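As structure tokens, the structure follows; a few thoughts come after it.
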Amino acid sequence: MYDKQDGVAIGSIALSGTVYAIDIQSDTKNSFYVLTTDTSKKITLTPSSKSGTLGSSLVEFIEDYDYTVSLDNGTGVFREVGNGSCLSGSSFTTEIRNLITTGTNRIRFQIVGRESGQSKSMVFTATVTNLTLTCNCSWQKPFIQGQSYVLDKIYFGGNLTKTLFVRIDDDAAQTYSKDFSSGSNYLTADYQYNLSDKFPSSGTGVHKVEIWMNGDGIETEHYTYNIMCVEASDQNRVPLVAINNVVNEVMNYENQTIFRYATYNCTSVTFNIKSNDNGNRFDLVTDNVVRVTTNTKLPYDMKVEIDTESREDLYLEI
């Protein structure tokens, strides 16, 4: 201390004592989205403590913890909705889906060390929203190199920034994207993704196209189609058949649509279908010739009749 400004030193004060600090590790980002269709959203936190004297490095300090969970559903006021305890070196997980509502929510965790008395808070912002995507593309139309081709009948919505992805043949180099703002939605009028300048690199053939949407870590269902692609030099020279909408399950001894298909540059298709019963293969359909209309979605209907005592899944090979 000094007797006056710029004066003579008349004494000093030494600070001493123990200081504590609490750290919190989280498995969740501080701001995130939750879909309205999600049934669960959990946050896991791991608290830890350190202690030391003033002016020295802090070292690990062993203690247990008490915590409270508070929620603000957009009113600006937190209210306590839960509490618990956590042992030293452990984590605790809180299910928040049943707490948050549509719109923006804030979740606050207040953690107090039982020995140190120190406390620390962590606040998360959870926005409950929707991100939907449905597709019913006109996959029966051939993609002729050099001609216009779109993936149509794509519908989506969600009040968050989002990205539409289109991937060809599971190839990262042939994965394309289109960004949309939170206000961009196609719920009644369809969105059409222009694929005209993205002809598959491997040329003429039936190629897999995968469509999905992602928004801030939230991902929709993936839609997959087989499409018929024809290089300009192969136009009207090669026949192609694309099969889609294959059913997940087939009922034995019942008439049903097994799949749908479309053709390019051919007026008839020959089908051979086998069953695979634990490695044993049996002919169900042999050289079935079907007259077809090209560039049209057509159903393939059949009555499956398989005599087996197996309780394992049977597979159809087309």
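Following the order of the structure tokens, first chain is A, next is B, and so on, with residues numbered from 1 inside each chain and ligands from 1 in the order they appear.
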Next item on the list: Determine which residues of segment 141-283 of chain A DSSP labels as helix (DSSP H, G or I) from the backbone of this structure, then write them out as a ChimeraX atom specification.
Entry: /A:172-174,232-234
Next item on the list: Write out as an MDAnalysis selection string all residues of segment 31-130 of chain A that DSSP puts in strand (DSSP E or B) for this structure's backbone.
Entry: chainID A and resid 31:35 42:53 59:61 65:72 79:86 92:95 103:113 119:129
Go ahead and write the residues just picked, C-alpha atoms, as a PDB file, in the first residue's frame.
ATOM      1  CA  SER A  31     -27.337 -24.989 -30.344  1.00  0.00           C
ATOM      2  CA  PHE A  32     -29.159 -27.758 -32.192  1.00  0.00           C
ATOM      3  CA  TYR A  33     -32.370 -28.745 -33.956  1.00  0.00           C
ATOM      4  CA  VAL A  34     -34.850 -31.467 -33.032  1.00  0.00           C
ATOM      5  CA  LEU A  35     -37.386 -32.800 -35.501  1.00  0.00           C
ATOM      6  CA  LYS A  42     -30.695 -36.807 -24.836  1.00  0.00           C
ATOM      7  CA  ILE A  43     -27.890 -34.630 -23.507  1.00  0.00           C
ATOM      8  CA  THR A  44     -24.958 -36.211 -21.672  1.00  0.00           C
ATOM      9  CA  LEU A  45     -22.686 -34.085 -19.479  1.00  0.00           C
ATOM     10  CA  THR A  46     -19.455 -34.997 -17.694  1.00  0.00           C
ATOM     11  CA  PRO A  47     -18.374 -32.633 -14.888  1.00  0.00           C
ATOM     12  CA  SER A  48     -14.854 -32.484 -13.427  1.00  0.00           C
ATOM     13  CA  SER A  49     -13.105 -30.261 -10.876  1.00  0.00           C
ATOM     14  CA  LYS A  50      -9.662 -28.802 -10.274  1.00  0.00           C
ATOM     15  CA  SER A  51      -8.207 -27.001  -7.309  1.00  0.00           C
ATOM     16  CA  GLY A  52      -5.027 -25.190  -6.283  1.00  0.00           C
ATOM     17  CA  THR A  53      -3.638 -22.263  -4.366  1.00  0.00           C
ATOM     18  CA  VAL A  59      -4.754 -30.093 -10.264  1.00  0.00           C
ATOM     19  CA  GLU A  60      -7.571 -32.620 -10.327  1.00  0.00           C
ATOM     20  CA  PHE A  61      -9.950 -32.393  -7.405  1.00  0.00           C
ATOM     21  CA  TYR A  65     -21.952 -33.152  -7.833  1.00  0.00           C
ATOM     22  CA  ASP A  66     -25.572 -32.094  -7.613  1.00  0.00           C
ATOM     23  CA  TYR A  67     -27.310 -30.586 -10.608  1.00  0.00           C
ATOM     24  CA  THR A  68     -30.568 -28.958 -11.596  1.00  0.00           C
ATOM     25  CA  VAL A  69     -32.199 -28.716 -15.013  1.00  0.00           C
ATOM     26  CA  SER A  70     -34.192 -25.595 -15.900  1.00  0.00           C
ATOM     27  CA  LEU A  71     -36.196 -24.815 -19.010  1.00  0.00           C
ATOM     28  CA  ASP A  72     -37.261 -21.694 -20.883  1.00  0.00           C
ATOM     29  CA  ARG A  79     -38.225 -22.876 -14.443  1.00  0.00           C
ATOM     30  CA  GLU A  80     -36.718 -25.934 -12.770  1.00  0.00           C
ATOM     31  CA  VAL A  81     -37.827 -29.192 -14.369  1.00  0.00           C
ATOM     32  CA  GLY A  82     -35.441 -31.733 -12.873  1.00  0.00           C
ATOM     33  CA  ASN A  83     -32.486 -32.438 -10.630  1.00  0.00           C
ATOM     34  CA  GLY A  84     -30.083 -35.196  -9.724  1.00  0.00           C
ATOM     35  CA  SER A  85     -26.607 -36.148  -8.619  1.00  0.00           C
ATOM     36  CA  CYS A  86     -23.455 -37.360 -10.316  1.00  0.00           C
ATOM     37  CA  PHE A  92     -25.235 -38.079 -16.409  1.00  0.00           C
ATOM     38  CA  THR A  93     -27.771 -38.134 -19.231  1.00  0.00           C
ATOM     39  CA  THR A  94     -31.002 -36.170 -19.412  1.00  0.00           C
ATOM     40  CA  GLU A  95     -33.883 -36.871 -21.797  1.00  0.00           C
ATOM     41  CA  GLY A 103     -40.044 -23.313 -31.536  1.00  0.00           C
ATOM     42  CA  THR A 104     -36.956 -22.209 -29.613  1.00  0.00           C
ATOM     43  CA  ASN A 105     -36.203 -23.622 -26.154  1.00  0.00           C
ATOM     44  CA  ARG A 106     -33.352 -22.985 -23.734  1.00  0.00           C
ATOM     45  CA  ILE A 107     -32.193 -25.748 -21.382  1.00  0.00           C
ATOM     46  CA  ARG A 108     -29.917 -24.766 -18.498  1.00  0.00           C
ATOM     47  CA  PHE A 109     -27.865 -27.218 -16.446  1.00  0.00           C
ATOM     48  CA  GLN A 110     -26.521 -25.876 -13.130  1.00  0.00           C
ATOM     49  CA  ILE A 111     -23.855 -28.109 -11.580  1.00  0.00           C
ATOM     50  CA  VAL A 112     -22.577 -27.645  -8.010  1.00  0.00           C
ATOM     51  CA  GLY A 113     -19.566 -29.396  -6.489  1.00  0.00           C
ATOM     52  CA  SER A 119     -21.081 -24.014  -9.473  1.00  0.00           C
ATOM     53  CA  LYS A 120     -21.097 -23.810 -13.226  1.00  0.00           C
ATOM     54  CA  SER A 121     -23.906 -23.514 -15.759  1.00  0.00           C
ATOM     55  CA  MET A 122     -24.243 -24.710 -19.325  1.00  0.00           C
ATOM     56  CA  VAL A 123     -27.099 -23.493 -21.529  1.00  0.00           C
ATOM     57  CA  PHE A 124     -28.332 -25.198 -24.697  1.00  0.00           C
ATOM     58  CA  THR A 125     -30.671 -23.825 -27.346  1.00  0.00           C
ATOM     59  CA  ALA A 126     -32.958 -26.448 -28.872  1.00  0.00           C
ATOM     60  CA  THR A 127     -35.181 -25.552 -31.796  1.00  0.00           C
ATOM     61  CA  VAL A 128     -37.994 -27.991 -32.475  1.00  0.00           C
ATOM     62  CA  THR A 129     -38.741 -27.947 -36.186  1.00  0.00           C
TER      63      THR A 129
END
Notebook entry, point to check: What lies within 8 Å of segment 263-274 of chain A using only C-alpha atoms, ignoring chain neighbours under 2 positions off, as a PyMOL selection string?
Noted result: chain A and resi 140+142+228+236-242+261+276+281-296+316-318
Store the residues picked out above, limited to C-alpha atoms, as a PDB file, in the first residue's frame.
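The new file out.pdb reads:
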ATOM      1  CA  GLN A 140     -39.400 -44.327 -66.266  1.00  0.00           C
ATOM      2  CA  PRO A 142     -34.575 -42.232 -70.011  1.00  0.00           C
ATOM      3  CA  MET A 228     -31.900 -45.581 -67.549  1.00  0.00           C
ATOM      4  CA  ASN A 236     -31.960 -46.005 -80.142  1.00  0.00           C
ATOM      5  CA  ARG A 237     -29.275 -48.686 -80.249  1.00  0.00           C
ATOM      6  CA  VAL A 238     -29.317 -50.316 -76.800  1.00  0.00           C
ATOM      7  CA  PRO A 239     -32.236 -51.766 -74.789  1.00  0.00           C
ATOM      8  CA  LEU A 240     -32.441 -51.014 -71.054  1.00  0.00           C
ATOM      9  CA  VAL A 241     -34.688 -52.096 -68.178  1.00  0.00           C
ATOM     10  CA  ALA A 242     -34.893 -50.269 -64.823  1.00  0.00           C
ATOM     11  CA  TYR A 261     -40.144 -51.525 -64.041  1.00  0.00           C
ATOM     12  CA  ASN A 276     -33.098 -68.400 -52.421  1.00  0.00           C
ATOM     13  CA  ARG A 281     -32.212 -71.773 -55.273  1.00  0.00           C
ATOM     14  CA  PHE A 282     -35.482 -72.639 -57.015  1.00  0.00           C
ATOM     15  CA  ASP A 283     -37.016 -71.352 -60.222  1.00  0.00           C
ATOM     16  CA  LEU A 284     -40.229 -69.389 -59.702  1.00  0.00           C
ATOM     17  CA  VAL A 285     -40.448 -67.752 -63.126  1.00  0.00           C
ATOM     18  CA  THR A 286     -38.555 -69.025 -66.159  1.00  0.00           C
ATOM     19  CA  ASP A 287     -38.233 -67.071 -69.399  1.00  0.00           C
ATOM     20  CA  ASN A 288     -41.457 -65.149 -68.918  1.00  0.00           C
ATOM     21  CA  VAL A 289     -41.729 -62.847 -71.941  1.00  0.00           C
ATOM     22  CA  VAL A 290     -43.803 -59.716 -71.329  1.00  0.00           C
ATOM     23  CA  ARG A 291     -44.842 -57.279 -74.050  1.00  0.00           C
ATOM     24  CA  VAL A 292     -44.268 -53.733 -72.825  1.00  0.00           C
ATOM     25  CA  THR A 293     -44.806 -50.060 -73.582  1.00  0.00           C
ATOM     26  CA  THR A 294     -41.514 -48.189 -73.374  1.00  0.00           C
ATOM     27  CA  ASN A 295     -40.880 -45.261 -71.027  1.00  0.00           C
ATOM     28  CA  THR A 296     -43.782 -46.349 -68.802  1.00  0.00           C
ATOM     29  CA  LEU A 316     -36.106 -63.490 -54.506  1.00  0.00           C
ATOM     30  CA  GLU A 317     -33.523 -63.049 -57.275  1.00  0.00           C
ATOM     31  CA  ILE A 318     -34.661 -61.209 -60.376  1.00  0.00           C
TER      32      ILE A 318
END
